[in-house]
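One structure is given below, encoded as structure tokens.
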Amino acid sequence: MPRTADAPLVVPGSPGNPSGAEAVLAGLDEEQRTAASEVTGPVCILAGAGTGKTRTITHRIAYGVHTGAFVPEQVLAVTFTARAAGELRTRLAGLGVGGVQARTFHAAAMRQLRYFAPRVLGGPLPPLVENKLRVVASAATRNRLTTDRTSLRDLASEIEWAKTTLATPEDYPARAAAAGREPPFDAETVARVYASYETAKQRDGALDFEDLLLVTAFALEEHPDVARQVRAQYRHFVVDEYQDVNPLQQRLLDAWLGGRADVCVVGDPNQTIYSFTGADPDHLLGFADRYPDAAVVKLERDYRSTPQVVALANKLIGQAPPRRGLPGLRLLGQRPEGPAPRFFEHPDEPTEAAAVAQACRALVEAGTPASEIAVLFRINAQSQVYESALADAGVPYVLKGGERFFERPEVREAVVLLRGAAAGGSDPGALVPTVRDVLASTGWVEHRPPAGGAARDRWQSLAALVDLAVDLVAEDPTTDLPRFVAHLAGRADAQHAPTVQGVTLASMHAAKGLEWDAVFVVGLVDGVLPIAQSLSRPEAVEEERRLLYVAVTRAREQLTLSWSLVRNPGAKRARPRSRFLDGLVPGSTPTAPPPQRKAKKAKVVLEGEAGEIFERLRAWRSSTAQAASVPAYVVFSDATLQAIAEAKPTSVRELSGLPGVGARKLEMYAEDVLATVGG
């Protein structure tokens with residue numbers, strides 16, 4: 001019988017049971033089995049997309065427990081999301097293992113710091129900053145800075161980046177310049193706001209989420225009694241998604257380890273796409289250098305995607321320059337043959353969106369659930385045209401990365417009503433009808449979804465609760481309303497939203513870790529992917545290539561990649577398709593190495609009207625920056641000016657969709673930019 005990489009395997013027996021240990025290994029492929037058997041010393045598991053990394057690490061922990069190598073309570077597995085931690089605990093329970101601590105970095109740090117705070121801080125755990133923007137706004141005001149919500153979010157992001165990379169306010173300017181950051185204000189100003197932010201927190205006696213990790217690491221580094229107690233409790237460590245670890249998280253991990261080497265890290269160097277948040281893939285790439293005796297196991301059998309999708313992904317990542325450190329991964333498709341990936345060029349973005357919407361509609365009408373279809377784009381601003389096209393085609397859609405499911409007003413209201421109904425008791429065989437009746441009291445009508453907009457979103461949210469009840473009853477017909485309510489509470493804690501029926505619209509970053517039967521990757525033009533801001537740095541361009549790799553490997557069966565020559569109908573200058581498609585599109589050849597296609601070279605070859613517009617924009621930027629006494633890049637980067645010159649926007653709406661043009665800069669510069677473009 002065919003087996004998927006992550007199919008659950010229930011193992012009888014108890015910890016220390018050799019027969020249970022062998023059963024744990026029995027369901028794994030050869031490479032997974034090798035990785036799961038390595039239960040001592042430093043271990044690095046390089047797990048490609050769809051190769052079953054979660055299955056492997058949970059079976060490794062279970063094998064260690066069943067063989068007596070691990071005491072469950074002495075294992076700490078750290079992840080990046082509460083949902084991933086919950087998934088680890090659920091799978092371990094299915095393998096007959098309980099007691100393992102599976103938590104996010106922040107949850108693990110909070111638990112330890114809450115216990116040791118009286119000893120380390122002289123009192124209880126300080127309150128956490130609930131609204132970072134409020135504190136950042138206060139710090140900005142003290143520095144006589146005029147801000148809006150967008151610039152406040154950008155400032156908060158810069159402060160978070162600084163703290164996760166262990167940069168102080170004093171060394172932030174140099175560190176930001178070295179990293180190629182484009183802060184919302186000049187680096188010295190950001191540093192002053194950062195310092196004021198830290199002062200405000202100290203005055204209020206509060207900690208932010210980065211402080212949780214920093215203070216916990218400090219407690220272990222500077223308090224030997226705390227270190228002894230924590231290291232006696234936790235002797236074995238597992239780190240998931242290790243390519244995304246930042247320097248602050250690595251510092252905490254080092255403090256936990258205390259020089260020991262009983263750590264297993266799992267990651268994929270081809271999916272390092274979060275350097276802008278402070279993630280440092282060098283921790284993964286240099287693992288074997290740090291631990292020369294480490295066992296390194298590669299998982300390359302892809303159980304998710306068809307061989308056709310896998311071949312395209314391999315070709316895409318195979319065109320990247322070699323990276324130092326660990327060996328590369330080449331996926332091996334394990335599924336039956338499927339259709340070849342399709343490539344489409346369209347005259348303009350509305351035409352591209354309409355074609356994608358019609359293709360989605362055809363898939364749904366042919367029997368593919370809407371929830372098994374995704375449209376992925378590089379920047380969130382691209383979603384609007386697809387929202388409109390899907391609505392026009394009568395296809396329901398869901399925006400990934402929006403408001404959390406269990407925080408939506410209609411869901412919160414429904415959960416309160418269900419909790420009240422559960423308090424009165426429930427017949428075990430009547431869960432689904434009861435849930436339908438409770439939701440009907442809010443005005444929800446099962447078979448009459450609204451046409452679109454907010455009303456449609458609300459209807460879909462409540463329909464997802466009914467679908468979840470149906471699924472639970474299918475698993476266990478005795479499930480009653482109190483158990484359903486408890487199940488909802490557990491999902492809310494783990495941020496594990498139920499499936500909402502609709503085509504998923506998501507950025508490529510938000511799609512990481514997810515998968516669909518059919519995936520449309522859209523808007524693939526240079527300046528968007530790779531994004532214009534990356535063009536001056538080869539390493540940033542390569543991260544953009546890996547981002548496309550992530551998008552491609554989300555598809556199980558059907559993959560479509562598309563681009564459009566211009567943004568709006570009637571525009572004259574054609575945009576080049578993404579350089580990453582060179583060598584992938586039938587009949588094309590691979591592009592030159594990325595370092596030969598830097599933004600500086602792109603600027604000097606701008607000719608004709610675009611070149612004239614670019615020079616006018618540079619002159620306008622120079623005078624504007626001089627008048628404001630700020631560096632020129634604070635107004636707009638060269639890459640953004642190039643994108644504006646090539647697009648020739650004639651309206652605020654057209655200008656707003658270009659890379660590097662946010663709400664604050666629209667408010668400040670839109671009128672001048674449009675006038676400059678128009679001559």
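Labels for the structure tokens follow display order: chains A, B, ..., residues from 1 in each chain, ligands from 1.
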
For Arg91 of chain A: contacts at 7 Å, only C-alpha atoms, fewer than 4 positions along chain excluded, given as a VMD selection string | chain A and resid 58 87 95

Those residues you just picked out, can you put them in a file as a compact mmCIF listing (two decimals), in the first residue's frame with N, CA and C atoms?
# COMPACT_ATOMS: atom_id res chain seq x y z
N THR A 58 9.96 12.95 15.05
CA THR A 58 9.12 12.35 16.09
C THR A 58 9.46 10.88 16.28
N GLU A 87 1.67 19.77 16.83
CA GLU A 87 1.75 18.61 15.94
C GLU A 87 2.77 17.60 16.45
N LEU A 95 2.73 7.70 19.06
CA LEU A 95 3.84 6.74 19.07
C LEU A 95 4.09 6.18 20.46

Just the residues within 10 Å of Gly318 of chain A, please, counting only C-alpha atoms, with nothing from its chain fewer than 4 positions along; format it as a PyMOL selection string.
-> chain A and resi 312-314+322+328-330

Suppose we keep all heavy atoms; can you now write the selection as a PDB file, in the first residue's frame?
ATOM      1  N   LEU A 312      11.205  20.141 -11.883  1.00  0.00           N
ATOM      2  CA  LEU A 312      11.291  21.587 -12.066  1.00  0.00           C
ATOM      3  C   LEU A 312      11.969  22.239 -10.863  1.00  0.00           C
ATOM      4  O   LEU A 312      12.817  23.131 -11.025  1.00  0.00           O
ATOM      5  CB  LEU A 312       9.893  22.177 -12.267  1.00  0.00           C
ATOM      6  CG  LEU A 312       9.872  23.683 -12.552  1.00  0.00           C
ATOM      7  CD1 LEU A 312      10.389  23.968 -13.951  1.00  0.00           C
ATOM      8  CD2 LEU A 312       8.469  24.247 -12.393  1.00  0.00           C
ATOM      9  N   ALA A 313      11.613  21.805  -9.661  1.00  0.00           N
ATOM     10  CA  ALA A 313      12.227  22.360  -8.452  1.00  0.00           C
ATOM     11  C   ALA A 313      13.731  22.103  -8.445  1.00  0.00           C
ATOM     12  O   ALA A 313      14.529  22.996  -8.111  1.00  0.00           O
ATOM     13  CB  ALA A 313      11.571  21.754  -7.211  1.00  0.00           C
ATOM     14  N   ASN A 314      14.144  20.897  -8.816  1.00  0.00           N
ATOM     15  CA  ASN A 314      15.573  20.580  -8.867  1.00  0.00           C
ATOM     16  C   ASN A 314      16.304  21.441  -9.887  1.00  0.00           C
ATOM     17  O   ASN A 314      17.419  21.921  -9.648  1.00  0.00           O
ATOM     18  CB  ASN A 314      15.765  19.096  -9.216  1.00  0.00           C
ATOM     19  CG  ASN A 314      15.492  18.178  -8.040  1.00  0.00           C
ATOM     20  OD1 ASN A 314      15.600  18.581  -6.885  1.00  0.00           O
ATOM     21  ND2 ASN A 314      15.132  16.940  -8.328  1.00  0.00           N
ATOM     22  N   PRO A 322      26.956  27.354  -5.965  1.00  0.00           N
ATOM     23  CA  PRO A 322      27.194  26.466  -4.811  1.00  0.00           C
ATOM     24  C   PRO A 322      27.338  27.276  -3.531  1.00  0.00           C
ATOM     25  O   PRO A 322      27.834  28.407  -3.547  1.00  0.00           O
ATOM     26  CB  PRO A 322      28.500  25.751  -5.173  1.00  0.00           C
ATOM     27  CG  PRO A 322      28.645  25.917  -6.653  1.00  0.00           C
ATOM     28  CD  PRO A 322      27.993  27.220  -6.991  1.00  0.00           C
ATOM     29  N   GLY A 328      24.472  19.711  -0.804  1.00  0.00           N
ATOM     30  CA  GLY A 328      23.169  20.131  -1.308  1.00  0.00           C
ATOM     31  C   GLY A 328      22.179  18.982  -1.334  1.00  0.00           C
ATOM     32  O   GLY A 328      22.532  17.809  -1.147  1.00  0.00           O
ATOM     33  N   LEU A 329      20.916  19.329  -1.557  1.00  0.00           N
ATOM     34  CA  LEU A 329      19.851  18.335  -1.621  1.00  0.00           C
ATOM     35  C   LEU A 329      19.291  18.280  -3.035  1.00  0.00           C
ATOM     36  O   LEU A 329      19.107  19.316  -3.676  1.00  0.00           O
ATOM     37  CB  LEU A 329      18.721  18.693  -0.642  1.00  0.00           C
ATOM     38  CG  LEU A 329      19.034  18.600   0.847  1.00  0.00           C
ATOM     39  CD1 LEU A 329      17.892  19.205   1.657  1.00  0.00           C
ATOM     40  CD2 LEU A 329      19.263  17.162   1.264  1.00  0.00           C
ATOM     41  N   ARG A 330      19.010  17.075  -3.502  1.00  0.00           N
ATOM     42  CA  ARG A 330      18.347  16.896  -4.796  1.00  0.00           C
ATOM     43  C   ARG A 330      17.167  15.965  -4.570  1.00  0.00           C
ATOM     44  O   ARG A 330      17.340  14.785  -4.239  1.00  0.00           O
ATOM     45  CB  ARG A 330      19.303  16.325  -5.840  1.00  0.00           C
ATOM     46  CG  ARG A 330      18.641  16.195  -7.217  1.00  0.00           C
ATOM     47  CD  ARG A 330      19.641  15.823  -8.289  1.00  0.00           C
ATOM     48  NE  ARG A 330      18.992  15.701  -9.596  1.00  0.00           N
ATOM     49  CZ  ARG A 330      18.693  16.724 -10.378  1.00  0.00           C
ATOM     50  NH1 ARG A 330      19.000  17.960  -9.991  1.00  0.00           N
ATOM     51  NH2 ARG A 330      18.102  16.546 -11.554  1.00  0.00           N
TER      52      ARG A 330
END

Rank nothing, just name the residue among A:Thr90, A:Ser637, A:Ser536, A:Gln250 nearest to Ala625 of chain A, using only C-alpha atoms.
-> A:Ser637

Would you list, as a PDB file with N, CA, C and O atoms, in the first residue's frame, the residues of segment 259-488 of chain A that end up in strand (DSSP E) under DSSP run on this structure's backbone?
ATOM      1  N   VAL A 263      22.453  17.326  20.530  1.00  0.00           N
ATOM      2  CA  VAL A 263      21.480  18.162  19.841  1.00  0.00           C
ATOM      3  C   VAL A 263      21.261  17.613  18.438  1.00  0.00           C
ATOM      4  O   VAL A 263      22.206  17.186  17.770  1.00  0.00           O
ATOM      5  N   CYS A 264      20.012  17.601  18.016  1.00  0.00           N
ATOM      6  CA  CYS A 264      19.634  17.194  16.666  1.00  0.00           C
ATOM      7  C   CYS A 264      18.962  18.381  15.993  1.00  0.00           C
ATOM      8  O   CYS A 264      17.958  18.898  16.507  1.00  0.00           O
ATOM      9  N   VAL A 265      19.516  18.837  14.886  1.00  0.00           N
ATOM     10  CA  VAL A 265      18.924  19.956  14.158  1.00  0.00           C
ATOM     11  C   VAL A 265      18.385  19.441  12.826  1.00  0.00           C
ATOM     12  O   VAL A 265      18.943  18.537  12.215  1.00  0.00           O
ATOM     13  N   VAL A 266      17.277  20.041  12.398  1.00  0.00           N
ATOM     14  CA  VAL A 266      16.609  19.628  11.177  1.00  0.00           C
ATOM     15  C   VAL A 266      16.361  20.865  10.328  1.00  0.00           C
ATOM     16  O   VAL A 266      15.825  21.866  10.824  1.00  0.00           O
ATOM     17  N   GLY A 267      16.742  20.829   9.066  1.00  0.00           N
ATOM     18  CA  GLY A 267      16.519  22.000   8.238  1.00  0.00           C
ATOM     19  C   GLY A 267      16.752  21.710   6.772  1.00  0.00           C
ATOM     20  O   GLY A 267      17.202  20.633   6.384  1.00  0.00           O
ATOM     21  N   ALA A 295      26.778  13.468  12.899  1.00  0.00           N
ATOM     22  CA  ALA A 295      26.166  12.605  11.891  1.00  0.00           C
ATOM     23  C   ALA A 295      25.281  13.484  11.010  1.00  0.00           C
ATOM     24  O   ALA A 295      24.406  14.191  11.516  1.00  0.00           O
ATOM     25  N   VAL A 296      25.504  13.451   9.695  1.00  0.00           N
ATOM     26  CA  VAL A 296      24.722  14.248   8.745  1.00  0.00           C
ATOM     27  C   VAL A 296      23.947  13.287   7.852  1.00  0.00           C
ATOM     28  O   VAL A 296      24.537  12.455   7.165  1.00  0.00           O
ATOM     29  N   VAL A 297      22.616  13.388   7.902  1.00  0.00           N
ATOM     30  CA  VAL A 297      21.752  12.495   7.129  1.00  0.00           C
ATOM     31  C   VAL A 297      20.897  13.340   6.199  1.00  0.00           C
ATOM     32  O   VAL A 297      20.297  14.335   6.618  1.00  0.00           O
ATOM     33  N   LYS A 298      20.838  12.949   4.933  1.00  0.00           N
ATOM     34  CA  LYS A 298      20.032  13.675   3.943  1.00  0.00           C
ATOM     35  C   LYS A 298      18.732  12.921   3.667  1.00  0.00           C
ATOM     36  O   LYS A 298      18.747  11.718   3.413  1.00  0.00           O
ATOM     37  N   LEU A 299      17.613  13.650   3.718  1.00  0.00           N
ATOM     38  CA  LEU A 299      16.314  13.112   3.317  1.00  0.00           C
ATOM     39  C   LEU A 299      15.954  13.752   1.983  1.00  0.00           C
ATOM     40  O   LEU A 299      15.734  14.963   1.910  1.00  0.00           O
ATOM     41  N   ARG A 301      13.844  11.871  -0.532  1.00  0.00           N
ATOM     42  CA  ARG A 301      12.697  11.233  -1.177  1.00  0.00           C
ATOM     43  C   ARG A 301      11.455  12.096  -0.939  1.00  0.00           C
ATOM     44  O   ARG A 301      10.973  12.196   0.188  1.00  0.00           O
ATOM     45  N   ASP A 302      10.976  12.707  -1.997  1.00  0.00           N
ATOM     46  CA  ASP A 302       9.847  13.643  -1.910  1.00  0.00           C
ATOM     47  C   ASP A 302       8.537  12.876  -2.097  1.00  0.00           C
ATOM     48  O   ASP A 302       8.247  12.368  -3.170  1.00  0.00           O
ATOM     49  N   LEU A 332      13.995  13.484  -4.888  1.00  0.00           N
ATOM     50  CA  LEU A 332      13.676  12.298  -5.686  1.00  0.00           C
ATOM     51  C   LEU A 332      12.180  12.041  -5.558  1.00  0.00           C
ATOM     52  O   LEU A 332      11.696  11.635  -4.500  1.00  0.00           O
ATOM     53  N   GLY A 333      11.430  12.312  -6.618  1.00  0.00           N
ATOM     54  CA  GLY A 333       9.981  12.174  -6.569  1.00  0.00           C
ATOM     55  C   GLY A 333       9.549  10.730  -6.360  1.00  0.00           C
ATOM     56  O   GLY A 333      10.018   9.829  -7.048  1.00  0.00           O
ATOM     57  N   ARG A 342       3.018  24.081 -16.224  1.00  0.00           N
ATOM     58  CA  ARG A 342       2.622  24.923 -17.352  1.00  0.00           C
ATOM     59  C   ARG A 342       3.128  26.347 -17.149  1.00  0.00           C
ATOM     60  O   ARG A 342       3.192  26.841 -16.020  1.00  0.00           O
ATOM     61  N   PHE A 343       3.477  27.008 -18.254  1.00  0.00           N
ATOM     62  CA  PHE A 343       3.977  28.383 -18.229  1.00  0.00           C
ATOM     63  C   PHE A 343       3.108  29.229 -19.156  1.00  0.00           C
ATOM     64  O   PHE A 343       2.815  28.825 -20.284  1.00  0.00           O
ATOM     65  N   PHE A 344       2.700  30.414 -18.656  1.00  0.00           N
ATOM     66  CA  PHE A 344       1.856  31.286 -19.468  1.00  0.00           C
ATOM     67  C   PHE A 344       2.341  32.727 -19.381  1.00  0.00           C
ATOM     68  O   PHE A 344       2.618  33.244 -18.290  1.00  0.00           O
ATOM     69  N   GLU A 345       2.410  33.370 -20.540  1.00  0.00           N
ATOM     70  CA  GLU A 345       2.700  34.799 -20.608  1.00  0.00           C
ATOM     71  C   GLU A 345       1.409  35.524 -20.978  1.00  0.00           C
ATOM     72  O   GLU A 345       0.688  35.099 -21.886  1.00  0.00           O
ATOM     73  N   HIS A 346       1.114  36.625 -20.283  1.00  0.00           N
ATOM     74  CA  HIS A 346      -0.115  37.375 -20.520  1.00  0.00           C
ATOM     75  C   HIS A 346       0.229  38.827 -20.860  1.00  0.00           C
ATOM     76  O   HIS A 346       1.272  39.342 -20.455  1.00  0.00           O
ATOM     77  N   PRO A 347      -0.652  39.508 -21.583  1.00  0.00           N
ATOM     78  CA  PRO A 347      -0.351  40.892 -21.981  1.00  0.00           C
ATOM     79  C   PRO A 347      -0.347  41.870 -20.813  1.00  0.00           C
ATOM     80  O   PRO A 347       0.388  42.853 -20.834  1.00  0.00           O
ATOM     81  N   ASP A 348      -1.183  41.627 -19.779  1.00  0.00           N
ATOM     82  CA  ASP A 348      -1.252  42.547 -18.650  1.00  0.00           C
ATOM     83  C   ASP A 348      -1.761  41.792 -17.423  1.00  0.00           C
ATOM     84  O   ASP A 348      -2.246  40.658 -17.528  1.00  0.00           O
ATOM     85  N   ILE A 373      -6.525  24.471  -3.713  1.00  0.00           N
ATOM     86  CA  ILE A 373      -5.970  25.314  -4.773  1.00  0.00           C
ATOM     87  C   ILE A 373      -5.363  26.555  -4.126  1.00  0.00           C
ATOM     88  O   ILE A 373      -5.942  27.115  -3.186  1.00  0.00           O
ATOM     89  N   ALA A 374      -4.217  26.993  -4.620  1.00  0.00           N
ATOM     90  CA  ALA A 374      -3.585  28.203  -4.087  1.00  0.00           C
ATOM     91  C   ALA A 374      -3.053  29.075  -5.210  1.00  0.00           C
ATOM     92  O   ALA A 374      -2.602  28.575  -6.245  1.00  0.00           O
ATOM     93  N   VAL A 375      -3.116  30.377  -4.983  1.00  0.00           N
ATOM     94  CA  VAL A 375      -2.494  31.370  -5.861  1.00  0.00           C
ATOM     95  C   VAL A 375      -1.437  32.078  -5.019  1.00  0.00           C
ATOM     96  O   VAL A 375      -1.764  32.702  -3.998  1.00  0.00           O
ATOM     97  N   LEU A 376      -0.187  31.975  -5.432  1.00  0.00           N
ATOM     98  CA  LEU A 376       0.926  32.501  -4.648  1.00  0.00           C
ATOM     99  C   LEU A 376       1.605  33.648  -5.388  1.00  0.00           C
ATOM    100  O   LEU A 376       1.838  33.567  -6.593  1.00  0.00           O
ATOM    101  N   PHE A 377       1.924  34.713  -4.648  1.00  0.00           N
ATOM    102  CA  PHE A 377       2.559  35.891  -5.238  1.00  0.00           C
ATOM    103  C   PHE A 377       3.666  36.370  -4.324  1.00  0.00           C
ATOM    104  O   PHE A 377       3.770  35.968  -3.153  1.00  0.00           O
ATOM    105  N   TYR A 397     -12.598  32.525  -2.087  1.00  0.00           N
ATOM    106  CA  TYR A 397     -11.171  32.575  -1.805  1.00  0.00           C
ATOM    107  C   TYR A 397     -10.946  32.940  -0.352  1.00  0.00           C
ATOM    108  O   TYR A 397     -11.823  33.469   0.333  1.00  0.00           O
ATOM    109  N   VAL A 398      -9.747  32.631   0.129  1.00  0.00           N
ATOM    110  CA  VAL A 398      -9.343  32.912   1.503  1.00  0.00           C
ATOM    111  C   VAL A 398      -7.983  33.593   1.455  1.00  0.00           C
ATOM    112  O   VAL A 398      -7.075  33.123   0.765  1.00  0.00           O
ATOM    113  N   LEU A 399      -7.827  34.686   2.182  1.00  0.00           N
ATOM    114  CA  LEU A 399      -6.555  35.392   2.247  1.00  0.00           C
ATOM    115  C   LEU A 399      -5.728  34.820   3.389  1.00  0.00           C
ATOM    116  O   LEU A 399      -6.114  34.908   4.553  1.00  0.00           O
TER     117      LEU A 399
END

Using only C-alpha atoms, determine which residues lie at most 10 Å from segment 410-425 of chain A, disregarding the query and same-chain residues fewer than 4 positions distant; provide the list as a ChimeraX atom specification.
-> /A:405-406,434-435,437-442,457-459,461-462,464-465,480-486,488-489

DSSP on the backbone: what in segment 59-166 of chain A comes out alpha helix (DSSP H), as a VMD selection string?
-> chain A and resid 59 to 66 82 to 94 105 to 120 132 to 142 149 to 164

Identify which of the residues A:Ile644, A:Val75, A:Ala167, A:Ile57 lies closest to Ile613 of chain A, counting only C-alpha atoms when measuring atom-to-atom distances.
-> A:Ile644

Of the candidates A:Ile531, A:Arg33, A:Ala574, A:Ala355, which one gets nearest to Leu561 of chain A if we count only C-alpha atoms?
->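 Among the listed residues, the smallest separation from Leu561 of chain A belongs to A:Ala355.
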